[in-house]
Amino acid sequence: MSRHVQITFDAHDPRALSIFWREVLGYVHPGPPGVELPEGADPLAAWDEFLTRIGVPAEDRNSRSAIEDPDGEGPRVFFQRVPEDKVAKNRVHLDVRAAPGLQGEQRMTALEAECERLVALGATRLRRFEPEPPMSAGFIVMADPEGNEFCLD
């Protein structure tokens, strides 16, 4: 029997990090429990209203955030506030498939374009690995705004 997974990020600013990863993955922020969001409504504003209404203190309102695949196929991604800094390379990272089916220079051009988009959103480009067929098609190593490494693959 297969299992569903949730990917969890420790973060200093769960809301900001969830916004970054929402844009990277094409995910959405779900609305609060029991709240029906009208078309075009801002789910983060709905969360602010919900948390105020149920009495969550202001200092605790950015303690967690989540994003979900709008098609319901990919894993949910959860962000939780932690006090400690990231001190070493993460042992698990995400590979973001940004050039499926492409090879060679076409692939690397697509990865570079996505890299530029993500840098504009707050990512940091770390290094590029050229294609080395047949074992590697080439990829770009990046870090999110809190320093978590990931690859554009």
# chains A, B, ... in the order shown; residues from 1 in each chain; ligands from 1
$ closest_atom_pairs --of "region 108-142 of chain A" --to "region 6-17 of chain A" --cutoff "12 Å" --atoms "only C-alpha atoms" --output "JSON lines"
{"residue": "A:Leu121", "atom": "CA", "partner": "A:Leu17", "partner_atom": "CA", "distance": 10.5}
{"residue": "A:Gly122", "atom": "CA", "partner": "A:Leu17", "partner_atom": "CA", "distance": 9.7}
{"residue": "A:Ala123", "atom": "CA", "partner": "A:Leu17", "partner_atom": "CA", "distance": 10.5}
$ select_by_dssp --residues "chain A" --states "strand (DSSP E or B)" --output "number ranges by chain"
A: 6-11, 28, 64-68, 76-81, 94-96, 124-129, 132, 136, 139-143, 149-152
$ residues_around --residues "Phe20 (chain A)" --least-positions-apart "4" --cutoff "12 Å" --atoms "only C-alpha atoms" --output "PyMOL selection string"
chain A and resi 13-16+24-29+65-67+77+79+117-123+143-146+148
$ write_last_selection --atoms "N, CA and C atoms" --output "mmCIF file, in the first residue's frame"
data_model
loop_
_atom_site.group_PDB
_atom_site.id
_atom_site.type_symbol
_atom_site.label_atom_id
_atom_site.label_comp_id
_atom_site.auth_asym_id
_atom_site.auth_seq_id
_atom_site.Cartn_x
_atom_site.Cartn_y
_atom_site.Cartn_z
ATOM 1 N N ASP A 13 9.962 32.495 8.740
ATOM 2 C CA ASP A 13 8.793 33.220 8.267
ATOM 3 C C ASP A 13 7.957 32.293 7.390
ATOM 4 N N PRO A 14 7.116 31.450 8.020
ATOM 5 C CA PRO A 14 6.351 30.471 7.252
ATOM 6 C C PRO A 14 5.498 31.078 6.134
ATOM 7 N N ARG A 15 4.873 32.210 6.408
ATOM 8 C CA ARG A 15 4.010 32.815 5.392
ATOM 9 C C ARG A 15 4.823 33.220 4.154
ATOM 10 N N ALA A 16 5.926 33.933 4.358
ATOM 11 C CA ALA A 16 6.734 34.377 3.217
ATOM 12 C C ALA A 16 7.318 33.184 2.457
ATOM 13 N N VAL A 24 6.929 28.865 -6.982
ATOM 14 C CA VAL A 24 7.837 27.893 -7.592
ATOM 15 C C VAL A 24 7.049 26.711 -8.150
ATOM 16 N N LEU A 25 6.129 26.183 -7.346
ATOM 17 C CA LEU A 25 5.455 24.931 -7.679
ATOM 18 C C LEU A 25 4.124 25.099 -8.404
ATOM 19 N N GLY A 26 3.591 26.318 -8.468
ATOM 20 C CA GLY A 26 2.271 26.501 -9.067
ATOM 21 C C GLY A 26 1.168 25.984 -8.161
ATOM 22 N N TYR A 27 1.409 26.008 -6.848
ATOM 23 C CA TYR A 27 0.444 25.540 -5.864
ATOM 24 C C TYR A 27 -0.466 26.691 -5.423
ATOM 25 N N VAL A 28 -1.356 26.397 -4.501
ATOM 26 C CA VAL A 28 -2.273 27.397 -3.952
ATOM 27 C C VAL A 28 -2.290 27.276 -2.434
ATOM 28 N N HIS A 29 -2.640 28.391 -1.782
ATOM 29 C CA HIS A 29 -2.903 28.352 -0.341
ATOM 30 C C HIS A 29 -4.358 27.920 -0.157
ATOM 31 N N SER A 65 2.036 27.714 7.873
ATOM 32 C CA SER A 65 1.370 27.987 6.607
ATOM 33 C C SER A 65 1.429 26.711 5.783
ATOM 34 N N ALA A 66 0.605 26.620 4.757
ATOM 35 C CA ALA A 66 0.615 25.427 3.912
ATOM 36 C C ALA A 66 0.214 25.804 2.490
ATOM 37 N N ILE A 67 0.689 25.005 1.551
ATOM 38 C CA ILE A 67 0.271 25.122 0.162
ATOM 39 C C ILE A 67 -0.094 23.736 -0.343
ATOM 40 N N VAL A 77 2.543 20.903 1.098
ATOM 41 C CA VAL A 77 3.791 21.425 1.648
ATOM 42 C C VAL A 77 3.429 22.292 2.846
ATOM 43 N N PHE A 79 4.749 24.583 6.271
ATOM 44 C CA PHE A 79 5.829 25.431 6.767
ATOM 45 C C PHE A 79 5.551 25.731 8.232
ATOM 46 N N ARG A 117 13.512 33.633 -13.183
ATOM 47 C CA ARG A 117 12.204 33.910 -12.572
ATOM 48 C C ARG A 117 12.266 33.735 -11.064
ATOM 49 N N LEU A 118 12.913 32.672 -10.606
ATOM 50 C CA LEU A 118 12.958 32.383 -9.176
ATOM 51 C C LEU A 118 13.892 33.330 -8.428
ATOM 52 N N VAL A 119 14.965 33.748 -9.055
ATOM 53 C CA VAL A 119 15.841 34.748 -8.428
ATOM 54 C C VAL A 119 15.049 36.037 -8.192
ATOM 55 N N ALA A 120 14.214 36.415 -9.148
ATOM 56 C CA ALA A 120 13.375 37.613 -8.987
ATOM 57 C C ALA A 120 12.395 37.462 -7.827
ATOM 58 N N LEU A 121 12.052 36.211 -7.468
ATOM 59 C CA LEU A 121 11.141 35.951 -6.341
ATOM 60 C C LEU A 121 11.870 35.820 -5.007
ATOM 61 N N GLY A 122 13.214 35.857 -5.033
ATOM 62 C CA GLY A 122 13.977 35.782 -3.790
ATOM 63 C C GLY A 122 14.911 34.603 -3.657
ATOM 64 N N ALA A 123 14.966 33.733 -4.661
ATOM 65 C CA ALA A 123 15.889 32.595 -4.619
ATOM 66 C C ALA A 123 17.312 33.076 -4.886
ATOM 67 N N ALA A 143 18.953 28.108 -3.851
ATOM 68 C CA ALA A 143 18.505 28.147 -2.457
ATOM 69 C C ALA A 143 17.277 29.043 -2.378
ATOM 70 N N ASP A 144 16.329 28.645 -1.543
ATOM 71 C CA ASP A 144 15.142 29.472 -1.336
ATOM 72 C C ASP A 144 15.500 30.658 -0.431
ATOM 73 N N PRO A 145 14.569 31.560 -0.169
ATOM 74 C CA PRO A 145 14.901 32.750 0.636
ATOM 75 C C PRO A 145 15.431 32.457 2.033
ATOM 76 N N GLU A 146 15.222 31.266 2.576
ATOM 77 C CA GLU A 146 15.755 30.929 3.904
ATOM 78 C C GLU A 146 16.965 29.998 3.821
ATOM 79 N N ASN A 148 17.352 27.061 2.050
ATOM 80 C CA ASN A 148 17.139 25.646 1.756
ATOM 81 C C ASN A 148 17.505 25.371 0.308
#
$ residues_around --residues "Glu130 (chain A)" --least-positions-apart "6" --cutoff "9 Å" --atoms "only C-alpha atoms" --output "PyMOL selection string"
chain A and resi 104+108+136-140
$ write_last_selection --atoms "all heavy atoms" --output "PDB file, in the first residue's frame"
ATOM      1  N   GLY A 104      19.900  18.744 -23.671  1.00  0.00           N
ATOM      2  CA  GLY A 104      20.967  19.570 -24.201  1.00  0.00           C
ATOM      3  C   GLY A 104      20.750  21.055 -23.938  1.00  0.00           C
ATOM      4  O   GLY A 104      20.311  21.459 -22.862  1.00  0.00           O
ATOM      5  N   MET A 108      18.911  23.361 -20.881  1.00  0.00           N
ATOM      6  CA  MET A 108      19.629  24.321 -20.052  1.00  0.00           C
ATOM      7  C   MET A 108      19.075  25.738 -20.229  1.00  0.00           C
ATOM      8  O   MET A 108      19.016  26.512 -19.276  1.00  0.00           O
ATOM      9  CB  MET A 108      21.124  24.257 -20.343  1.00  0.00           C
ATOM     10  CG  MET A 108      21.766  22.900 -19.989  1.00  0.00           C
ATOM     11  SD  MET A 108      21.349  22.229 -18.346  1.00  0.00           S
ATOM     12  CE  MET A 108      22.212  23.387 -17.282  1.00  0.00           C
ATOM     13  N   SER A 136      23.829  12.437 -16.500  1.00  0.00           N
ATOM     14  CA  SER A 136      23.222  13.676 -16.026  1.00  0.00           C
ATOM     15  C   SER A 136      22.779  14.527 -17.205  1.00  0.00           C
ATOM     16  O   SER A 136      23.552  14.734 -18.158  1.00  0.00           O
ATOM     17  CB  SER A 136      24.218  14.471 -15.169  1.00  0.00           C
ATOM     18  OG  SER A 136      23.676  15.739 -14.835  1.00  0.00           O
ATOM     19  N   ALA A 137      21.571  15.033 -17.111  1.00  0.00           N
ATOM     20  CA  ALA A 137      21.031  15.898 -18.161  1.00  0.00           C
ATOM     21  C   ALA A 137      21.359  17.365 -17.894  1.00  0.00           C
ATOM     22  O   ALA A 137      21.013  18.230 -18.690  1.00  0.00           O
ATOM     23  CB  ALA A 137      19.523  15.693 -18.275  1.00  0.00           C
ATOM     24  N   GLY A 138      21.999  17.652 -16.738  1.00  0.00           N
ATOM     25  CA  GLY A 138      22.310  19.030 -16.366  1.00  0.00           C
ATOM     26  C   GLY A 138      21.253  19.580 -15.423  1.00  0.00           C
ATOM     27  O   GLY A 138      20.077  19.222 -15.509  1.00  0.00           O
ATOM     28  N   PHE A 139      21.676  20.448 -14.505  1.00  0.00           N
ATOM     29  CA  PHE A 139      20.755  21.029 -13.533  1.00  0.00           C
ATOM     30  C   PHE A 139      21.375  22.274 -12.917  1.00  0.00           C
ATOM     31  O   PHE A 139      22.567  22.525 -13.077  1.00  0.00           O
ATOM     32  CB  PHE A 139      20.357  20.012 -12.454  1.00  0.00           C
ATOM     33  CG  PHE A 139      21.519  19.429 -11.697  1.00  0.00           C
ATOM     34  CD1 PHE A 139      21.907  19.948 -10.470  1.00  0.00           C
ATOM     35  CD2 PHE A 139      22.223  18.340 -12.202  1.00  0.00           C
ATOM     36  CE1 PHE A 139      22.981  19.408  -9.768  1.00  0.00           C
ATOM     37  CE2 PHE A 139      23.290  17.785 -11.510  1.00  0.00           C
ATOM     38  CZ  PHE A 139      23.673  18.328 -10.287  1.00  0.00           C
ATOM     39  N   ILE A 140      20.537  23.043 -12.203  1.00  0.00           N
ATOM     40  CA  ILE A 140      20.991  24.251 -11.516  1.00  0.00           C
ATOM     41  C   ILE A 140      20.631  24.117 -10.039  1.00  0.00           C
ATOM     42  O   ILE A 140      19.470  23.833  -9.704  1.00  0.00           O
ATOM     43  CB  ILE A 140      20.352  25.517 -12.106  1.00  0.00           C
ATOM     44  CG1 ILE A 140      20.753  25.674 -13.579  1.00  0.00           C
ATOM     45  CG2 ILE A 140      20.762  26.759 -11.303  1.00  0.00           C
ATOM     46  CD1 ILE A 140      20.038  26.800 -14.306  1.00  0.00           C
TER      47      ILE A 140
END
$ closest_residue --among "A:Pro33, A:Pro100, A:Pro133, A:Pro38" --to "Asp153 (chain A)" --atoms "only C-alpha atoms"
A:Pro100
$ closest_residue --among "A:Leu111, A:Val82, A:Ala41, A:Val35" --to "Arg97 (chain A)" --atoms "only C-alpha atoms"
A:Leu111
$ atom_distance --atom1 "CA of Arg22 (chain A)" --atom2 "CA of Ala45 (chain A)"
15.6 Å
$ atom_distance --atom1 "CA of Gly31 (chain A)" --atom2 "CA of Glu59 (chain A)"
20.3 Å
